[in-house]
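Okay, so here's the structure we're looking at.
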Amino acid sequence: MAEKSDQESFLKVKLNVNRKEYTVAVQPDTPLLWVIRDEIGLTGTKYGCGISVCGACTVHVDGKAVRSCRTHVSDVVGKEITTIEGLSADGNHPVQKAWIEEDVPQCGYCHSGQIMTAAALLAENPTPSDEDIDEAMSNNICRCGTYQRIRSAIHRASAMATEGELKK
Amino acid sequence: MLNPFVRIASDETVTIIVNHSEMGQGVYTSLPMLLAEELECDWSKIVVEAAPVDPSYNHTQWGVQGTGGSTSVSSEWERLRKVGATVREMLIAAAADTWKVDKESCQAQNGRVIHSSGKHLTYGQLANKAATIAEPKDVQLKDPSEFKIIGKPLKRLDTPEKTNGKGVFGIDVNIPGMLVAVVSRPPVFGGKVRNLNADKAKAVPGVKDVVQVPSGVAVVASGFWAAKVGRDTLEIVWDDGDNATLSTDGIREHYAELSKAPGIVARKDGDPQQALQKAAKVLSSEYEVPYLAHAPMEPLNCVVDLRADSCEIWTGTQAQTLHRIAAAQVAGLDPDKVKIHTTLLGGAFGRRGNPQADFVVMAVQVAKAIEAPVKVVWTREDDTRGGWYRPMWHDRITGGIDSDGNIVGWRHTIVGQSIMTGTPSEAVMVSSDGIDETSVEGAKDIPYSIPNIVVDLHTTKIGVPVQWWRSVGHSHTAFVVESFMDELAHAACKDPYEFRHNLLANQPRHRAVLELAAQKAGWGTALPEGHSRGIALHKSFSSFVAQVAEVSLSSSEEAHVHRVVCAIDCGRVVNPNTVEAQVQSGIVYGLSAALYGAITLKDGRVQQSNFNNYKMLTMNKAPKVEVHIVSSQEAPTGVGEPATPPIAAAVANAIFALTGNRIRRLPVEIKELKKV
Ligand code: FES
Ligand code: FES
C-alpha cells in the first residue's frame, strides 16, 4: 500500500469530551462526529445522514444539543462536549431511565441522538408540552417509528426527575 | 456446552444464543422467552449472544440461517421450547444423579433443581454435570395454560445497551489495524469505470490507498472522514452501459401500456369477462407505486479481516448462510473458513438480507485488494442510491357489482419486476410459468367472496435491482386492493366497512379484526370538523390486520394522520409489548412511504440521495397508534411486517372520504388533496 506522511497537514487539537481531555491530530474541518467515533473511539454517537437532517449524531456542546456531523472540530475546542457515554455515570440520567421504563428503542440506532436531544430539551424546559416535544424532537428521524414511546418517555422523565437531575 | 442454544455458567448466568438477527423487532427478547419458558431459569440471569454461522442455527423452515418474512417466532416456537425443556430435563437428571434419587422426586424452578426433601442445587452448580448427560428425546412441552413467561409484556433485554451508547452495531466495530473505505459506485446501475484519476484523492491527508474493485473504486483511509473526502475528489469517467436512459416516466409509460393486455394468469375462478359484461356497474382504475429504498437508520457497512486461510466478518446481516457463501467465493476460501459475527442491526427491513450479499461482497473485495482489515461504510447517499429497491408497480383493476352491492367480477393485472428471480428462493417462489408468488401475494388471495376473478401478471425486466422491502409484495397489493375495494363500496353506495364485512362471511379471522378495529375506532361516530376516517384490511405473513386511520388536511394541505386504530390477529402472542411496538413501527414505516416515499430515475440516475429528498415521517407527523391484539390459541404468526401493508390504503381511503380525491399513485401528492 502507498505510504505517505499525513502528519504535517494534521492539526493537534485538544478536546474536552465527557469531562476528559483528548488530544487528536486531524484536519480542522473534520466533523466532530468522526473525531468522536474514529479518533477518540466513542461509538455511541451515530452517523445517519451527515447533512444535519436526522439527529443520530446529536451531542451536547456546552449543554446544547448540536449535530456533530456538521460541526467542525475546530469550532468546539475549549468547549464542553458530552456524548451519550457521558450523559450519566451508569445510564441513570432520568431520560435514560425513562427510555428503559417505556422500552423505547427498537433497532436502537437513532436513540443516542434521540436521548441527547431529549435531555437537552428537558434541561431547558423540565415540563414540556406535546407541542414543545414536537418542536424539539421533530428533526430526529427514527426509521423504526418509535415516536410514540419517545413522547411517553419524555413525559415520564419530566415527571420523575428533579430539576437538578435534568440540569446534571 | 449444554446445547447450541444455551450455556449456563457457574455464576448462574444463562447465555442464550439467538440465531435470528436483532434488527429492532425484539427477537433478542422474544426468542429467549420461548427457551426460558421451559427451562425454568431465572429471567434476570439471561444474557443474549448472537449465534455464529452453523447449520444448527438454520431457520427451521428455510434450511439456511437468516431472518426475515416475519418468521423468527414461528421458526423457533417449537424448537426453542423443546431446547428449554431438554436442557431442564438434563439439569434435573444431573441433580437426581448427584443425590441418587428419582428424577420424578425433583423439579426445576427459577434456576434451581429442588428435591422433594427440600434440598436444592442451582443450575450453575449442575451445568457441568448436565452437559455429560444424554439428551432426552421427546420432552413434554407445557400446556399453554401453564405459561409463566410467554404472553407476558416483558421488557426488552437489549434496551440498556441501546440507551447508553454501548450497543455495538456493524458500523461501530473496530479491529486492530483496521482501515476504513468508502466506495464510489457507478451512478447508473451496471455502469463501469472507463477512466480513473485518483491523484487528488491520494493527496488527501489520511488517505492510504485507492483501489479499483469489481463494485467500484474504493478510497481507503485511516478513518471514515478522510475516505469520504478522498472519494469525493475522485475523477472517474463512467461507462454508463445499457441503463443510461432509464427514467421513471419511461417505465411508467411502458408499464401502463403492458397493463392493457392480460398477463400470465395467477388465479382464475369462474368467468370474469362475462361477469363484468353483465354487472350492474363496472369500475376500472389504474394504480401505481414507486421504487422504495429501505433506508435503515444505520447505513450499510461491513468489516472484513481477510487472511490467507481465513476470513472474519463483522456485520449486521439478515442472511448469514448466504452471505458466508458469497464472501467465501470472493475470498477464494471454503465457506467454513469464513466466520461471521452478527452485530446489532441498525434497522434492516429486508435490505440487510440482500440476495447477492452486495454489501458483504464489496467489503471482501476491498479487503482482498488492500490486504488489510477494513471497514467499508456506505454514506447515506450510497445507501439511498444503492438500488435493491421495492419494485415500482403498475396495476390495472376492474370490478363489477350487482344491484345489491355484491362483487360479481374482478380483473386485476399487475405489472412489475420479479423480486425472487435470481435469488436462492426462485425455485420455491417462482412457478414454472413465471409467476413470482411475491408479485401477486395479497392480490390473488384476496379474502372477499368474488365468484369470478382473474389475477394476472406481466413480469418486466428493468435494470434496477429490486429486493424484498418490509412486507414484500403486500406493500403494493394491499394498497391497490384495499383502495379499489373502497372505490367499489362508494360505487355501490355502501359504507366501506359494511361493504367489506358483507363479503367476509367465510373469513372469520378477517372479519374479527375488521370488527375490532372499526369498533375501537368508533367507526360511524362523529368526528371533529375536517377529519375523516378510512379503513383497510389485509392478511400477510399469516397474520390478519385491520386499520382505521383518522386524517385531516393540515394548513399546508398535507395529509395529517392523527390516529390509527389497528387490530391484529397474529396467533398466540409471545410478548405483547414487542407486538405493540412492531405494529406501531410497521405503520410509521408504511406511512413514511405513503406520504413521502419515492425513488425516481432520470437518465439512469437515482434522483434522491438523502433524508432531505427521500423524506421520513417525523414525530410531529406521527399518528397516535392504538394496537388491539386479538387473543388467540393458534400458533404464532408474523408480526414485524403485517402492519405495514394496510396503512397506505387506510389513509388514502380517509383522504377520499374527506376530499373526494381518490389517491391512485403513491406517494400522496399534495395537489391531489384539494377539495373537489
Ligand atoms: S448524522 Fe448528523 S444529523 Fe444525521
Ligand atoms: S429505533 Fe431504529 S431508527 Fe429509531
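Labeling convention for the C-alpha cells: chains A, B, ... as they appear, residues from 1 per chain, ligands from 1 in order of appearance.
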
Could you please write out, as a PDB file with all heavy atoms, in the first residue's frame, every residue of segment 17-159 of chain A that DSSP assigns to strand (DSSP E or B)?
ATOM      1  N   VAL A  17     -14.045  15.950  26.104  1.00  0.00           N
ATOM      2  CA  VAL A  17     -15.203  15.094  25.842  1.00  0.00           C
ATOM      3  C   VAL A  17     -15.533  14.305  27.100  1.00  0.00           C
ATOM      4  O   VAL A  17     -14.673  13.609  27.645  1.00  0.00           O
ATOM      5  CB  VAL A  17     -14.934  14.131  24.660  1.00  0.00           C
ATOM      6  CG1 VAL A  17     -16.158  13.268  24.385  1.00  0.00           C
ATOM      7  CG2 VAL A  17     -14.529  14.900  23.415  1.00  0.00           C
ATOM      8  N   LYS A  20     -13.232  14.699  29.970  1.00  0.00           N
ATOM      9  CA  LYS A  20     -11.892  14.139  29.842  1.00  0.00           C
ATOM     10  C   LYS A  20     -11.188  14.851  28.695  1.00  0.00           C
ATOM     11  O   LYS A  20     -11.825  15.184  27.697  1.00  0.00           O
ATOM     12  CB  LYS A  20     -11.994  12.640  29.537  1.00  0.00           C
ATOM     13  CG  LYS A  20     -10.944  11.821  30.223  1.00  0.00           C
ATOM     14  CD  LYS A  20     -11.208  10.337  30.026  1.00  0.00           C
ATOM     15  CE  LYS A  20      -9.919   9.672  29.551  1.00  0.00           C
ATOM     16  NZ  LYS A  20     -10.111   8.274  29.212  1.00  0.00           N
ATOM     17  N   GLU A  21      -9.893  15.095  28.866  1.00  0.00           N
ATOM     18  CA  GLU A  21      -9.140  15.803  27.827  1.00  0.00           C
ATOM     19  C   GLU A  21      -8.562  14.810  26.807  1.00  0.00           C
ATOM     20  O   GLU A  21      -7.970  13.799  27.189  1.00  0.00           O
ATOM     21  CB  GLU A  21      -7.989  16.553  28.491  1.00  0.00           C
ATOM     22  CG  GLU A  21      -7.326  17.527  27.581  1.00  0.00           C
ATOM     23  CD  GLU A  21      -7.693  18.975  27.919  1.00  0.00           C
ATOM     24  OE1 GLU A  21      -8.883  19.287  28.137  1.00  0.00           O
ATOM     25  OE2 GLU A  21      -6.776  19.781  27.984  1.00  0.00           O
ATOM     26  N   TYR A  22      -8.778  15.100  25.523  1.00  0.00           N
ATOM     27  CA  TYR A  22      -8.196  14.267  24.459  1.00  0.00           C
ATOM     28  C   TYR A  22      -7.396  15.157  23.525  1.00  0.00           C
ATOM     29  O   TYR A  22      -7.810  16.283  23.247  1.00  0.00           O
ATOM     30  CB  TYR A  22      -9.288  13.582  23.635  1.00  0.00           C
ATOM     31  CG  TYR A  22     -10.107  12.568  24.381  1.00  0.00           C
ATOM     32  CD1 TYR A  22     -11.261  12.962  25.068  1.00  0.00           C
ATOM     33  CD2 TYR A  22      -9.749  11.218  24.397  1.00  0.00           C
ATOM     34  CE1 TYR A  22     -12.030  12.032  25.754  1.00  0.00           C
ATOM     35  CE2 TYR A  22     -10.515  10.280  25.075  1.00  0.00           C
ATOM     36  CZ  TYR A  22     -11.655  10.693  25.748  1.00  0.00           C
ATOM     37  OH  TYR A  22     -12.422   9.775  26.422  1.00  0.00           O
ATOM     38  N   THR A  23      -6.263  14.665  23.060  1.00  0.00           N
ATOM     39  CA  THR A  23      -5.542  15.378  22.014  1.00  0.00           C
ATOM     40  C   THR A  23      -5.598  14.529  20.752  1.00  0.00           C
ATOM     41  O   THR A  23      -5.231  13.349  20.763  1.00  0.00           O
ATOM     42  CB  THR A  23      -4.072  15.603  22.414  1.00  0.00           C
ATOM     43  OG1 THR A  23      -4.071  16.241  23.685  1.00  0.00           O
ATOM     44  CG2 THR A  23      -3.367  16.503  21.408  1.00  0.00           C
ATOM     45  N   VAL A  24      -6.092  15.127  19.688  1.00  0.00           N
ATOM     46  CA  VAL A  24      -6.207  14.370  18.438  1.00  0.00           C
ATOM     47  C   VAL A  24      -5.526  15.146  17.315  1.00  0.00           C
ATOM     48  O   VAL A  24      -5.482  16.380  17.346  1.00  0.00           O
ATOM     49  CB  VAL A  24      -7.687  14.104  18.069  1.00  0.00           C
ATOM     50  CG1 VAL A  24      -8.330  13.176  19.068  1.00  0.00           C
ATOM     51  CG2 VAL A  24      -8.477  15.403  17.974  1.00  0.00           C
ATOM     52  N   ALA A  25      -5.010  14.434  16.344  1.00  0.00           N
ATOM     53  CA  ALA A  25      -4.393  15.075  15.187  1.00  0.00           C
ATOM     54  C   ALA A  25      -5.317  14.878  13.996  1.00  0.00           C
ATOM     55  O   ALA A  25      -5.492  13.770  13.505  1.00  0.00           O
ATOM     56  CB  ALA A  25      -3.029  14.453  14.911  1.00  0.00           C
ATOM     57  N   VAL A  26      -5.944  15.964  13.575  1.00  0.00           N
ATOM     58  CA  VAL A  26      -6.937  15.868  12.496  1.00  0.00           C
ATOM     59  C   VAL A  26      -6.895  17.116  11.623  1.00  0.00           C
ATOM     60  O   VAL A  26      -6.276  18.118  11.971  1.00  0.00           O
ATOM     61  CB  VAL A  26      -8.382  15.733  13.056  1.00  0.00           C
ATOM     62  CG1 VAL A  26      -8.608  14.395  13.707  1.00  0.00           C
ATOM     63  CG2 VAL A  26      -8.696  16.870  14.023  1.00  0.00           C
ATOM     64  N   PRO A  31     -15.589  16.865  10.654  1.00  0.00           N
ATOM     65  CA  PRO A  31     -16.757  16.936  11.534  1.00  0.00           C
ATOM     66  C   PRO A  31     -16.476  16.278  12.888  1.00  0.00           C
ATOM     67  O   PRO A  31     -15.851  15.209  12.953  1.00  0.00           O
ATOM     68  CB  PRO A  31     -17.834  16.173  10.766  1.00  0.00           C
ATOM     69  CG  PRO A  31     -17.407  16.214   9.333  1.00  0.00           C
ATOM     70  CD  PRO A  31     -15.912  16.196   9.383  1.00  0.00           C
ATOM     71  N   THR A  58     -26.413  13.568  17.394  1.00  0.00           N
ATOM     72  CA  THR A  58     -26.555  14.662  18.364  1.00  0.00           C
ATOM     73  C   THR A  58     -25.692  14.455  19.612  1.00  0.00           C
ATOM     74  O   THR A  58     -25.716  13.392  20.231  1.00  0.00           O
ATOM     75  CB  THR A  58     -28.029  14.825  18.770  1.00  0.00           C
ATOM     76  OG1 THR A  58     -28.805  14.982  17.579  1.00  0.00           O
ATOM     77  CG2 THR A  58     -28.223  16.012  19.695  1.00  0.00           C
ATOM     78  N   VAL A  59     -24.939  15.496  19.953  1.00  0.00           N
ATOM     79  CA  VAL A  59     -24.172  15.517  21.203  1.00  0.00           C
ATOM     80  C   VAL A  59     -24.486  16.854  21.889  1.00  0.00           C
ATOM     81  O   VAL A  59     -25.192  17.683  21.323  1.00  0.00           O
ATOM     82  CB  VAL A  59     -22.645  15.408  20.952  1.00  0.00           C
ATOM     83  CG1 VAL A  59     -22.302  14.085  20.265  1.00  0.00           C
ATOM     84  CG2 VAL A  59     -22.128  16.583  20.118  1.00  0.00           C
ATOM     85  N   HIS A  60     -23.986  17.029  23.089  1.00  0.00           N
ATOM     86  CA  HIS A  60     -24.125  18.327  23.740  1.00  0.00           C
ATOM     87  C   HIS A  60     -22.812  19.093  23.643  1.00  0.00           C
ATOM     88  O   HIS A  60     -21.757  18.531  23.898  1.00  0.00           O
ATOM     89  CB  HIS A  60     -24.484  18.165  25.218  1.00  0.00           C
ATOM     90  CG  HIS A  60     -25.839  17.551  25.435  1.00  0.00           C
ATOM     91  ND1 HIS A  60     -26.314  17.229  26.677  1.00  0.00           N
ATOM     92  CD2 HIS A  60     -26.828  17.213  24.558  1.00  0.00           C
ATOM     93  CE1 HIS A  60     -27.539  16.713  26.569  1.00  0.00           C
ATOM     94  NE2 HIS A  60     -27.861  16.686  25.284  1.00  0.00           N
ATOM     95  N   VAL A  61     -22.922  20.340  23.267  1.00  0.00           N
ATOM     96  CA  VAL A  61     -21.765  21.229  23.333  1.00  0.00           C
ATOM     97  C   VAL A  61     -22.161  22.361  24.274  1.00  0.00           C
ATOM     98  O   VAL A  61     -23.133  23.074  24.007  1.00  0.00           O
ATOM     99  CB  VAL A  61     -21.375  21.765  21.943  1.00  0.00           C
ATOM    100  CG1 VAL A  61     -20.248  22.790  22.072  1.00  0.00           C
ATOM    101  CG2 VAL A  61     -20.941  20.620  21.025  1.00  0.00           C
ATOM    102  N   LYS A  64     -25.864  22.311  25.066  1.00  0.00           N
ATOM    103  CA  LYS A  64     -26.857  22.459  23.991  1.00  0.00           C
ATOM    104  C   LYS A  64     -26.751  21.289  23.006  1.00  0.00           C
ATOM    105  O   LYS A  64     -25.644  20.845  22.703  1.00  0.00           O
ATOM    106  CB  LYS A  64     -26.605  23.755  23.204  1.00  0.00           C
ATOM    107  CG  LYS A  64     -26.817  25.027  24.004  1.00  0.00           C
ATOM    108  CD  LYS A  64     -28.187  25.611  23.678  1.00  0.00           C
ATOM    109  CE  LYS A  64     -28.514  26.873  24.459  1.00  0.00           C
ATOM    110  NZ  LYS A  64     -28.390  26.777  25.924  1.00  0.00           N
ATOM    111  N   ALA A  65     -27.907  20.855  22.500  1.00  0.00           N
ATOM    112  CA  ALA A  65     -27.905  19.768  21.512  1.00  0.00           C
ATOM    113  C   ALA A  65     -27.342  20.285  20.193  1.00  0.00           C
ATOM    114  O   ALA A  65     -27.787  21.293  19.665  1.00  0.00           O
ATOM    115  CB  ALA A  65     -29.319  19.239  21.304  1.00  0.00           C
ATOM    116  N   VAL A  66     -26.337  19.572  19.690  1.00  0.00           N
ATOM    117  CA  VAL A  66     -25.641  20.003  18.479  1.00  0.00           C
ATOM    118  C   VAL A  66     -25.468  18.790  17.566  1.00  0.00           C
ATOM    119  O   VAL A  66     -25.267  17.672  18.036  1.00  0.00           O
ATOM    120  CB  VAL A  66     -24.257  20.590  18.865  1.00  0.00           C
ATOM    121  CG1 VAL A  66     -23.319  20.639  17.677  1.00  0.00           C
ATOM    122  CG2 VAL A  66     -24.417  21.971  19.487  1.00  0.00           C
ATOM    123  N   ARG A  67     -25.564  19.033  16.271  1.00  0.00           N
ATOM    124  CA  ARG A  67     -25.387  17.928  15.313  1.00  0.00           C
ATOM    125  C   ARG A  67     -23.903  17.804  14.971  1.00  0.00           C
ATOM    126  O   ARG A  67     -23.343  18.663  14.289  1.00  0.00           O
ATOM    127  CB  ARG A  67     -26.200  18.212  14.072  1.00  0.00           C
ATOM    128  CG  ARG A  67     -27.625  18.468  14.529  1.00  0.00           C
ATOM    129  CD  ARG A  67     -28.670  18.021  13.628  1.00  0.00           C
ATOM    130  NE  ARG A  67     -29.804  17.704  14.484  1.00  0.00           N
ATOM    131  CZ  ARG A  67     -30.936  17.199  14.072  1.00  0.00           C
ATOM    132  NH1 ARG A  67     -31.112  16.944  12.817  1.00  0.00           N
ATOM    133  NH2 ARG A  67     -31.894  16.940  14.925  1.00  0.00           N
ATOM    134  N   HIS A  72     -17.596  21.521  12.751  1.00  0.00           N
ATOM    135  CA  HIS A  72     -16.153  21.326  12.578  1.00  0.00           C
ATOM    136  C   HIS A  72     -15.493  21.167  13.930  1.00  0.00           C
ATOM    137  O   HIS A  72     -15.815  21.880  14.874  1.00  0.00           O
ATOM    138  CB  HIS A  72     -15.525  22.525  11.854  1.00  0.00           C
ATOM    139  CG  HIS A  72     -15.942  22.611  10.419  1.00  0.00           C
ATOM    140  ND1 HIS A  72     -15.748  23.732   9.656  1.00  0.00           N
ATOM    141  CD2 HIS A  72     -16.546  21.704   9.623  1.00  0.00           C
ATOM    142  CE1 HIS A  72     -16.226  23.511   8.440  1.00  0.00           C
ATOM    143  NE2 HIS A  72     -16.714  22.296   8.399  1.00  0.00           N
ATOM    144  N   GLU A  80     -17.251  22.256  26.264  1.00  0.00           N
ATOM    145  CA  GLU A  80     -17.537  21.002  26.944  1.00  0.00           C
ATOM    146  C   GLU A  80     -18.424  20.129  26.066  1.00  0.00           C
ATOM    147  O   GLU A  80     -19.565  20.476  25.799  1.00  0.00           O
ATOM    148  CB  GLU A  80     -18.273  21.309  28.244  1.00  0.00           C
ATOM    149  CG  GLU A  80     -17.753  20.559  29.426  1.00  0.00           C
ATOM    150  CD  GLU A  80     -18.505  20.948  30.678  1.00  0.00           C
ATOM    151  OE1 GLU A  80     -19.561  20.338  30.922  1.00  0.00           O
ATOM    152  OE2 GLU A  80     -18.046  21.873  31.386  1.00  0.00           O
ATOM    153  N   ILE A  81     -17.871  19.029  25.615  1.00  0.00           N
ATOM    154  CA  ILE A  81     -18.627  18.131  24.727  1.00  0.00           C
ATOM    155  C   ILE A  81     -19.104  16.928  25.544  1.00  0.00           C
ATOM    156  O   ILE A  81     -18.319  16.328  26.280  1.00  0.00           O
ATOM    157  CB  ILE A  81     -17.719  17.646  23.567  1.00  0.00           C
ATOM    158  CG1 ILE A  81     -17.225  18.847  22.763  1.00  0.00           C
ATOM    159  CG2 ILE A  81     -18.458  16.657  22.681  1.00  0.00           C
ATOM    160  CD1 ILE A  81     -15.949  18.580  21.983  1.00  0.00           C
ATOM    161  N   THR A  82     -20.372  16.615  25.398  1.00  0.00           N
ATOM    162  CA  THR A  82     -20.903  15.431  26.084  1.00  0.00           C
ATOM    163  C   THR A  82     -21.538  14.515  25.059  1.00  0.00           C
ATOM    164  O   THR A  82     -22.345  14.952  24.244  1.00  0.00           O
ATOM    165  CB  THR A  82     -21.961  15.824  27.136  1.00  0.00           C
ATOM    166  OG1 THR A  82     -21.408  16.839  27.968  1.00  0.00           O
ATOM    167  CG2 THR A  82     -22.374  14.629  27.981  1.00  0.00           C
TER     168      THR A  82
END

Distance-based interface of chain B with chain A, 8 Å, counting only C-alpha atoms, as an NGL selection string: :B and (22-26 or 155-156 or 159-160 or 162-167 or 169 or 172 or 205-206 or 208-209 or 223-225 or 295-299 or 344-347 or 370 or 379-381 or 581 or 584-589 or 610-612 or 616-620 or 622 or 624-625)

Residue contacts of Val183 of chain B (7 Å, only C-alpha atoms) excluding same-chain residues fewer than 4 positions away, as a PyMOL selection string: chain B and resi 216-219+231

Long-range neighbours of Ala536 of chain B as number ranges by chain, 8 Å cut-off, only C-alpha atoms, 6 positions minimum in chain: B: 482-483, 546-548, 646-647, 649-650

Store the residues picked out above, limited to all heavy atoms, as a PDB file, in the first residue's frame.
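Dumped everything to selection_34.pdb:
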ATOM      1  N   GLU B 482     -57.151  -2.700  -1.440  1.00  0.00           N
ATOM      2  CA  GLU B 482     -57.990  -2.053  -0.427  1.00  0.00           C
ATOM      3  C   GLU B 482     -58.446  -0.650  -0.844  1.00  0.00           C
ATOM      4  O   GLU B 482     -59.476  -0.172  -0.373  1.00  0.00           O
ATOM      5  CB  GLU B 482     -57.265  -2.031   0.915  1.00  0.00           C
ATOM      6  CG  GLU B 482     -57.258  -3.392   1.593  1.00  0.00           C
ATOM      7  CD  GLU B 482     -58.676  -3.898   1.893  1.00  0.00           C
ATOM      8  OE1 GLU B 482     -59.366  -3.270   2.715  1.00  0.00           O
ATOM      9  OE2 GLU B 482     -59.103  -4.908   1.298  1.00  0.00           O
ATOM     10  N   SER B 483     -57.720  -0.002  -1.709  1.00  0.00           N
ATOM     11  CA  SER B 483     -58.213   1.267  -2.266  1.00  0.00           C
ATOM     12  C   SER B 483     -59.349   0.995  -3.235  1.00  0.00           C
ATOM     13  O   SER B 483     -60.370   1.687  -3.243  1.00  0.00           O
ATOM     14  CB  SER B 483     -57.097   2.017  -3.003  1.00  0.00           C
ATOM     15  OG  SER B 483     -56.072   2.367  -2.124  1.00  0.00           O
ATOM     16  N   ALA B 546     -56.411  -5.155  10.529  1.00  0.00           N
ATOM     17  CA  ALA B 546     -57.331  -4.124  10.048  1.00  0.00           C
ATOM     18  C   ALA B 546     -56.942  -2.804  10.682  1.00  0.00           C
ATOM     19  O   ALA B 546     -56.502  -2.765  11.840  1.00  0.00           O
ATOM     20  CB  ALA B 546     -58.764  -4.476  10.402  1.00  0.00           C
ATOM     21  N   GLN B 547     -57.036  -1.743   9.907  1.00  0.00           N
ATOM     22  CA  GLN B 547     -56.658  -0.421  10.410  1.00  0.00           C
ATOM     23  C   GLN B 547     -57.708   0.617  10.041  1.00  0.00           C
ATOM     24  O   GLN B 547     -58.250   0.588   8.934  1.00  0.00           O
ATOM     25  CB  GLN B 547     -55.304   0.000   9.824  1.00  0.00           C
ATOM     26  CG  GLN B 547     -54.153  -0.850  10.349  1.00  0.00           C
ATOM     27  CD  GLN B 547     -52.839  -0.626   9.620  1.00  0.00           C
ATOM     28  OE1 GLN B 547     -52.770   0.159   8.681  1.00  0.00           O
ATOM     29  NE2 GLN B 547     -51.812  -1.327  10.053  1.00  0.00           N
ATOM     30  N   VAL B 548     -57.941   1.519  10.991  1.00  0.00           N
ATOM     31  CA  VAL B 548     -58.758   2.692  10.709  1.00  0.00           C
ATOM     32  C   VAL B 548     -57.874   3.911  10.941  1.00  0.00           C
ATOM     33  O   VAL B 548     -57.307   4.066  12.021  1.00  0.00           O
ATOM     34  CB  VAL B 548     -60.001   2.757  11.619  1.00  0.00           C
ATOM     35  CG1 VAL B 548     -60.768   4.053  11.371  1.00  0.00           C
ATOM     36  CG2 VAL B 548     -60.895   1.545  11.385  1.00  0.00           C
ATOM     37  N   PRO B 646     -51.512  -2.375   5.155  1.00  0.00           N
ATOM     38  CA  PRO B 646     -52.815  -1.698   5.012  1.00  0.00           C
ATOM     39  C   PRO B 646     -52.789  -0.181   5.171  1.00  0.00           C
ATOM     40  O   PRO B 646     -53.751   0.481   4.775  1.00  0.00           O
ATOM     41  CB  PRO B 646     -53.678  -2.303   6.132  1.00  0.00           C
ATOM     42  CG  PRO B 646     -52.854  -3.309   6.834  1.00  0.00           C
ATOM     43  CD  PRO B 646     -51.454  -3.160   6.395  1.00  0.00           C
ATOM     44  N   ILE B 647     -51.729   0.376   5.732  1.00  0.00           N
ATOM     45  CA  ILE B 647     -51.832   1.778   6.160  1.00  0.00           C
ATOM     46  C   ILE B 647     -52.018   2.743   4.980  1.00  0.00           C
ATOM     47  O   ILE B 647     -52.777   3.712   5.075  1.00  0.00           O
ATOM     48  CB  ILE B 647     -50.645   2.189   7.081  1.00  0.00           C
ATOM     49  CG1 ILE B 647     -50.854   3.588   7.658  1.00  0.00           C
ATOM     50  CG2 ILE B 647     -49.305   2.130   6.355  1.00  0.00           C
ATOM     51  CD1 ILE B 647     -52.066   3.731   8.555  1.00  0.00           C
ATOM     52  N   ALA B 649     -53.565   2.346   2.198  1.00  0.00           N
ATOM     53  CA  ALA B 649     -54.959   2.351   1.747  1.00  0.00           C
ATOM     54  C   ALA B 649     -55.869   2.988   2.798  1.00  0.00           C
ATOM     55  O   ALA B 649     -56.789   3.741   2.448  1.00  0.00           O
ATOM     56  CB  ALA B 649     -55.416   0.925   1.439  1.00  0.00           C
ATOM     57  N   ALA B 650     -55.628   2.704   4.063  1.00  0.00           N
ATOM     58  CA  ALA B 650     -56.480   3.290   5.107  1.00  0.00           C
ATOM     59  C   ALA B 650     -56.417   4.812   5.015  1.00  0.00           C
ATOM     60  O   ALA B 650     -57.447   5.505   5.106  1.00  0.00           O
ATOM     61  CB  ALA B 650     -56.033   2.805   6.491  1.00  0.00           C
TER      62      ALA B 650
END

DSSP-assigned alpha helix (DSSP H) members of segment 549-628 of chain B, reported as a PyMOL selection string: chain B and resi 576-595

Near-Gln318 of chain B list (7 Å; only C-alpha atoms; drop same-chain fewer than 6 positions) as a VMD selection string: chain B and resid 21 66 to 67 352 to 353
